[in-house]
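K.L.:
To start, I am sharing the structure in question, which I have written as structure tokens.
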Amino acid sequence: MLGNIKFIGELGKLNLIHESILHKCIKTLLEKKKRVQLKDMDEDLECLCQIMKTVGPKLDHDKAKSLINQYFSRMRSLTNNKELPARIRFLLQNTVELRENNWVPRKAYVDNGPKTINQVRQEAVKDLGVFIPPPTDGMRNDFFIDNTSFLQTRIKYDRETLGGLADMFGQMPGSGIGTGPGVIQDHYSPTMGRHRTNPLFNGHIGNSNGYQPQFEAGSKSFLKPNQGQNSPVFNHKQNHSGQMQSKDMAPRFSKKGKLNADEISLRPAQSFILNKKQVPKLQPHVTMIPQSAQGSSLGQSPQLGLKTNTPIQEKPAKSNKKAPPTREELCKMTDTLVADYLNSKNVNEAVNAVREMKAPKHFSSDMLKKIVVYSLSRSDEDKEHASSLIHVLCTEGLVTGENLMQAFLSVLDQCPKIEEEVPLVKSYLAQFAARAIVADLVNIADLAHQLENGLHFPLFLLCLQQMVRLKDREWLADLFQQSKINMQKMLPEIDQNKDRMLEILEGKGLSFLFPLMKLEKELLKQIKVDPSPQSIYKWIKDNIAPKLHTDKGFVNILVTSFLQYIAYETNPDDDEEQLAAPSKEQLDEEKQQLLSFKPVMQKFLHDHIDLQVSALYALQVHCNAKAFPKGMLLRYFVYFYDMEIIEEEAFLSWKEDVTQEYPGKGKALFQVNQWLTWLETAEEEESEDDDY
């Protein structure tokens with residue numbers, strides 16, 4: 001299934017499949033199936049993520065932006081649904097984040113082979129918290145005192161002494177690089193050869209008998225302050241150093257006295273902790289300090305070191321930016337903000353507090369959700385103030401209508417839990433939604449899409465009631481008509497029929513949204529009570545708004561009601577034989593009845609070709625419901641033409657029009673096609689006569 005979905009997406013990328021088909025696939029995968037629990041939709045949702053990753057960038061353009069926003073709004077709500085497996089929720093979250101990142105996938109780390117020593121050291125710092133700097137000149141000067149005997153002792157350390165990580169993490173200052181395959185030896189010492197570029201040794205290591213560092217600063221010793229006689233390196237190597245000193249060192253390097261540990265500092269300087277780029281490049285000033293200041297015993301060789309009062313020039317440390325607040329901190333800040341606002345009612349302070357939070361964009365919907373949930377248990381006045389705050393936040397650009405929709409849907413998902421404490425939670429949420437729609441923060445069609453098939457019923461109807469209270473019936477009727485919402489889809493599946501819908505709407509006081517449905521139900525009753533054209537016309541003017549008089553739906557209902565009344569009067573028992581072969585008396589009565597309704601039909605159809613076409617479609621549907629009795633459609637076409645109720649242009653427009661909205665067009669054309677051909681020919685002949 002995943003392979004098929006990916007294949008469909010690749011075909012879409014190559015424009016071999018139309019975008020409408022791709023949208024239909026996405027809707028099919030995203031919609032909740034009948035009698036299928038959400039937790040069982042994991043395969044569909046995984047396929048949804050796959051097709052989004054494959055063809056999502058192609059579909060995400062300006063023309064389809066509203067559809068894509070609806071898809072991802074639904075996907076965001078699903079990421080918070082605990083009924084789904086964690087893997088599916090994370091797949092959805094990754095897909096949502098992919099779109100937020102402009103469809104640029106995150107780059108995965110790829111190991112492309114062997115690593116350099118520097119890479120190994122960097123990974124050690126990152127993963128193990130261990131930093132061993134490379135043997136740079138500055139480090140070498142900072143770490144050890146250039147005492148010849150101590151240096152010679154350190155040179156003799158072998159790999160086994162230093163440990164197995166020496167080669168990988170770099171040499172300890174003054175230690176060798178070891179021996180073995182791959183180590184290049186020269187005529188210098190194995191360790192000092194690699195340091196021969198150091199300015200401190202340059203030009204003074206010239207023979208193979210040993211090292212005789214000769215410093216130009218004189219013969220007086222320098223004492224480095226005691227930094228670490230407890231140094232672990234010193235303690236660990238002390239005994240070993242003593243043995244090597246007596247055994248391996250040349251006689252000329254031997255000391256008369258013992259080496260005092262206080263004179264040697266092996267503790268790393270503070271810069272040791274810094275990363276490689278921050279290691280200061282020291283320029284040590286070599287000086288000689290009198291022996292009286294050293295406190296050393298007679299006969300000790302001079303000690304060289306760094307001048308203690310020389311300022312160390314380091315690169316200025318980068319200023320550490322304050323870490324962004326965590327989610328828990330943002331939640332606490334939001335709770336405090338809402339509580340303070342509902343107590344003080346100062347919207348400007350609340351808006352400034354939101355700005356100071358500097359919350360990331362992905363937290364905006366959570367913040368709005370907390371504002372809504374917090375106010376649910378408060379008074380109606382507080383709920384209204386909370387709505388005002390949300391309105392101002394949207395106006396200021398701190399949150400978006402999409403954030404508000406996500407927050408609203410997230411609260412709806414928690415409705416069963418919230419209803420235990422706040423029984424009227426749906427009514428309160430309907431107030432929030434109504435205010436958001438009136439303020440043009442949320443589109444009513446987008447909200448309806450999220451509540452289709454009776455989801456959270458009767459929330460949508462409650463929202464419509466609240467909008468009537470906030471505005472008026474006329475405003476809501478215009479908005480509802482423009483939105484083209486299918487009201488039947490907003491009801492539970494068991495109630496999705498016209499009669500039940502009208503009954504529910506009348507119970508909620510919303511039947512004014514569908515005045516034509518009321519007309520369809522009442523007009524036939526009125527005709528049966530008084531079929532006179534004057535009475536019918538007066539009833540229509542009293543009960544139907546003038547702006548609906550030119551509505552195609554109104555004309556359709558009007559003509560259908562007349563046809564149903566005529567059929568009832570001529571054939572009360574609805575006898576199929578009489579329909580197929582009516583008597584002469586029935587035909588005469590049929591014609592007289594239609595002639596009596598002629599003034600009313602002419603009043604509403606005259607000079608309106610599009611309305612006349614609607615009247616013909618009403619006749620087509622009426623005959624289709626009767627299974628197209630032989631000759632019935634043709635008779636009425638002739639009646640309408642002879643009585644000048646329908647003009648020639650309307651007949652020909654009906655013939656050429658192609659639509660699936662009204663059933664039975666093919667059979668209807670078969671019955672009247674010959675007559676329509678005659679009409680077309682007669683019209684052409686008449687126009688030729690007019691030319692002469």
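Letters A, B, ... go to the chains of the structure tokens in the order shown; residues in each chain start at 1; ligands are counted from 1 in the same order.
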Can you pull out every residue within 10 Å of His606 in chain A, counting only C-alpha atoms, but drop anything in the same chain fewer than 4 positions away, and send it as a PyMOL selection string?

P.N.:
chain A and resi 601-602+611-612+644-647

K.L.:
Could you give me, as a ChimeraX atom specification, the residues within 9 Å of range 555-567 of chain A, counting only C-alpha atoms and dropping anything in the same chain fewer than 6 positions from it?

P.N.:
/A:516-517,519-520,523-524,527-528,549,574,589-590,593-594,597,601,604-605,611-612,614-619,621-622

K.L.:
Write out as a PyMOL selection string each polymer residue whose atoms come within 9 Å of range 349-365 of chain A, counting only C-alpha atoms; drop sequence neighbours fewer than 2 positions from it.

P.N.:
chain A and resi 324-325+327+330+333-334+337-338+340-341+345-347+367-370+389+392-393+396+398-400+402-408+410

K.L.:
Which of these, A:Asn348, A:Ser535, A:Asn80, A:Gln466, has the shortest distance to Leu429 in chain A once you count only C-alpha atoms?

P.N.:
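The answer is A:Gln466, which sits nearest to Leu429 in chain A.
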
K.L.:
Residues near range 420-425 of chain A, anyone? I mean within 10 Å using only C-alpha atoms, not counting same-chain ones fewer than 6 positions away, as JSON, numbers by chain.

P.N.:
{"A": [373, 376, 377, 411, 412, 431, 459]}

K.L.:
List every residue of range 326-504 of chain A that DSSP, applied to the backbone of this structure, places in alpha helix (DSSP H), and write the result as an MDAnalysis selection string.

P.N.:
chainID A and resid 327:344 347:357 364:376 380:395 401:413 415:418 425:438 444:450 459:470 473:483 498:504

K.L.:
Save out the residues we just selected, C-alpha atoms, as a compact mmCIF listing (two decimals), in the first residue's frame.

P.N.:
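Generated output (selection-v6.txt):
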# COMPACT_ATOMS: atom_id res chain seq x y z
CA ARG A 327 7.46 24.37 27.67
CA GLU A 328 6.71 24.06 31.38
CA GLU A 329 7.90 27.61 31.96
CA LEU A 330 5.78 28.90 29.06
CA CYS A 331 2.72 27.12 30.45
CA LYS A 332 3.24 28.68 33.88
CA MET A 333 3.76 32.12 32.31
CA THR A 334 0.53 31.71 30.32
CA ASP A 335 -1.46 30.69 33.41
CA THR A 336 -0.15 33.72 35.29
CA LEU A 337 -0.85 36.00 32.33
CA VAL A 338 -4.48 34.87 31.98
CA ALA A 339 -5.16 35.05 35.71
CA ASP A 340 -3.74 38.58 35.94
CA TYR A 341 -5.66 39.72 32.86
CA LEU A 342 -9.04 38.40 34.02
CA ASN A 343 -8.49 40.12 37.37
CA SER A 344 -7.25 43.46 36.03
CA VAL A 347 -5.65 44.08 27.72
CA ASN A 348 -2.56 46.17 26.93
CA GLU A 349 -0.63 44.67 29.83
CA ALA A 350 -1.65 41.18 28.71
CA VAL A 351 -0.51 41.82 25.13
CA ASN A 352 2.84 43.18 26.36
CA ALA A 353 3.24 40.13 28.59
CA VAL A 354 2.70 37.87 25.58
CA ARG A 355 5.35 39.81 23.65
CA GLU A 356 7.81 39.49 26.52
CA MET A 357 7.26 35.74 26.67
CA SER A 364 0.87 29.80 20.03
CA SER A 365 -1.98 27.30 19.72
CA ASP A 366 -1.19 25.85 23.17
CA MET A 367 -1.25 29.35 24.65
CA LEU A 368 -4.67 30.08 23.10
CA LYS A 369 -5.93 26.71 24.28
CA LYS A 370 -4.92 27.57 27.86
CA ILE A 371 -6.68 30.93 27.61
CA VAL A 372 -9.90 29.26 26.44
CA VAL A 373 -9.80 26.39 28.95
CA TYR A 374 -8.96 28.73 31.84
CA SER A 375 -11.99 30.93 31.11
CA LEU A 376 -14.48 28.06 30.68
CA ASP A 380 -19.72 34.97 31.08
CA GLU A 381 -18.05 38.35 31.41
CA ASP A 382 -14.63 36.69 31.79
CA LYS A 383 -15.32 34.53 28.76
CA GLU A 384 -16.10 37.63 26.76
CA HIS A 385 -12.89 39.29 27.98
CA ALA A 386 -10.92 36.19 27.03
CA SER A 387 -12.40 36.40 23.53
CA SER A 388 -11.43 40.07 23.37
CA LEU A 389 -7.85 39.21 24.34
CA ILE A 390 -7.67 36.57 21.61
CA HIS A 391 -9.03 39.09 19.10
CA VAL A 392 -6.36 41.65 20.04
CA LEU A 393 -3.60 39.04 19.88
CA CYS A 394 -4.71 38.12 16.36
CA THR A 395 -4.96 41.77 15.35
CA GLY A 401 -6.46 32.34 12.87
CA GLU A 402 -4.89 28.96 12.13
CA ASN A 403 -3.46 28.90 15.68
CA LEU A 404 -6.93 29.67 17.01
CA MET A 405 -8.50 26.86 14.96
CA GLN A 406 -5.90 24.39 16.25
CA ALA A 407 -6.53 25.50 19.83
CA PHE A 408 -10.29 25.18 19.35
CA LEU A 409 -10.02 21.65 17.93
CA SER A 410 -7.60 20.66 20.69
CA VAL A 411 -10.11 21.77 23.34
CA LEU A 412 -12.86 19.86 21.51
CA ASP A 413 -10.79 16.68 21.70
CA CYS A 415 -14.51 17.85 25.71
CA PRO A 416 -15.51 14.54 27.34
CA LYS A 417 -13.04 15.15 30.15
CA ILE A 418 -13.90 18.84 30.55
CA VAL A 425 -18.61 23.30 27.70
CA LYS A 426 -20.00 23.01 24.13
CA SER A 427 -22.21 26.06 24.61
CA TYR A 428 -19.24 28.05 25.91
CA LEU A 429 -17.02 26.89 23.06
CA ALA A 430 -19.79 27.86 20.63
CA GLN A 431 -19.58 31.40 22.06
CA PHE A 432 -15.83 31.54 21.44
CA ALA A 433 -16.25 30.20 17.89
CA ALA A 434 -19.10 32.60 17.11
CA ARG A 435 -17.09 35.63 18.29
CA ALA A 436 -14.09 34.48 16.25
CA ILE A 437 -16.23 34.12 13.09
CA VAL A 438 -17.95 37.48 13.62
CA ILE A 444 -17.15 29.48 9.02
CA ALA A 445 -16.54 27.02 6.16
CA ASP A 446 -13.26 25.87 7.76
CA LEU A 447 -15.02 25.31 11.08
CA ALA A 448 -17.85 23.41 9.35
CA HIS A 449 -15.33 21.17 7.58
CA GLN A 450 -13.88 20.11 10.95
CA LEU A 459 -21.82 22.35 18.47
CA PHE A 460 -22.15 23.82 14.97
CA LEU A 461 -25.83 24.63 15.45
CA LEU A 462 -25.05 26.21 18.83
CA CYS A 463 -22.43 28.33 17.11
CA LEU A 464 -25.02 29.51 14.55
CA GLN A 465 -27.40 30.44 17.38
CA GLN A 466 -24.67 32.50 19.05
CA MET A 467 -23.97 34.34 15.79
CA VAL A 468 -27.65 35.29 15.51
CA ARG A 469 -27.41 36.82 18.99
CA LEU A 470 -24.21 38.67 18.17
CA ARG A 473 -30.66 36.68 11.04
CA GLU A 474 -30.09 38.50 7.78
CA TRP A 475 -26.33 38.74 8.34
CA LEU A 476 -26.08 35.04 9.17
CA ALA A 477 -28.28 34.02 6.23
CA ASP A 478 -26.03 35.92 3.81
CA LEU A 479 -22.88 34.48 5.37
CA PHE A 480 -24.27 30.95 5.32
CA GLN A 481 -25.38 31.24 1.70
CA GLN A 482 -21.94 32.52 0.63
CA SER A 483 -20.15 29.72 2.48
CA LYS A 498 -34.28 16.98 4.28
CA ASP A 499 -37.28 16.31 6.49
CA ARG A 500 -35.22 15.54 9.56
CA MET A 501 -32.90 18.48 8.88
CA LEU A 502 -35.82 20.91 8.65
CA GLU A 503 -37.24 19.51 11.86
CA ILE A 504 -33.94 19.97 13.73

K.L.:
Which of these, A:Asn453, A:Ser73, A:Lys27, A:Ser511, has the shortest distance to Lys489 in chain A once you count only C-alpha atoms?

P.N.:
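Using only C-alpha atoms, Lys489 in chain A sits closest to A:Asn453.
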
K.L.:
For range 47-53 of chain A, please output as a PyMOL selection string all residues within 12 Å (counting only C-alpha atoms; exclusion window: fewer than 4 positions along the same chain).

P.N.:
chain A and resi 1-13+22-31+41-43+57-60+68+71-72+74-75+87-99+102-105

K.L.:
Quick one: distance from CA of Pro546 in chain A to CA of Lys525 in chain A in Å, one decimal?

P.N.:
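About the pair CA of Pro546 in chain A and CA of Lys525 in chain A: they are 21.0 Å apart.
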
K.L.:
Residues at most 8 Å from range 633-640 of chain A, counting only C-alpha atoms, excluding those fewer than 2 positions away in the same chain, as a PyMOL selection string?

P.N.:
chain A and resi 591+619-620+623+628-631+642-646+668+671-672+675

K.L.:
Out of A:Val600, A:Ile485, A:Leu45, A:Leu595, which residue has the shortest atom-to-atom distance to Ile536 in chain A when counting only C-alpha atoms?

P.N.:
A:Val600
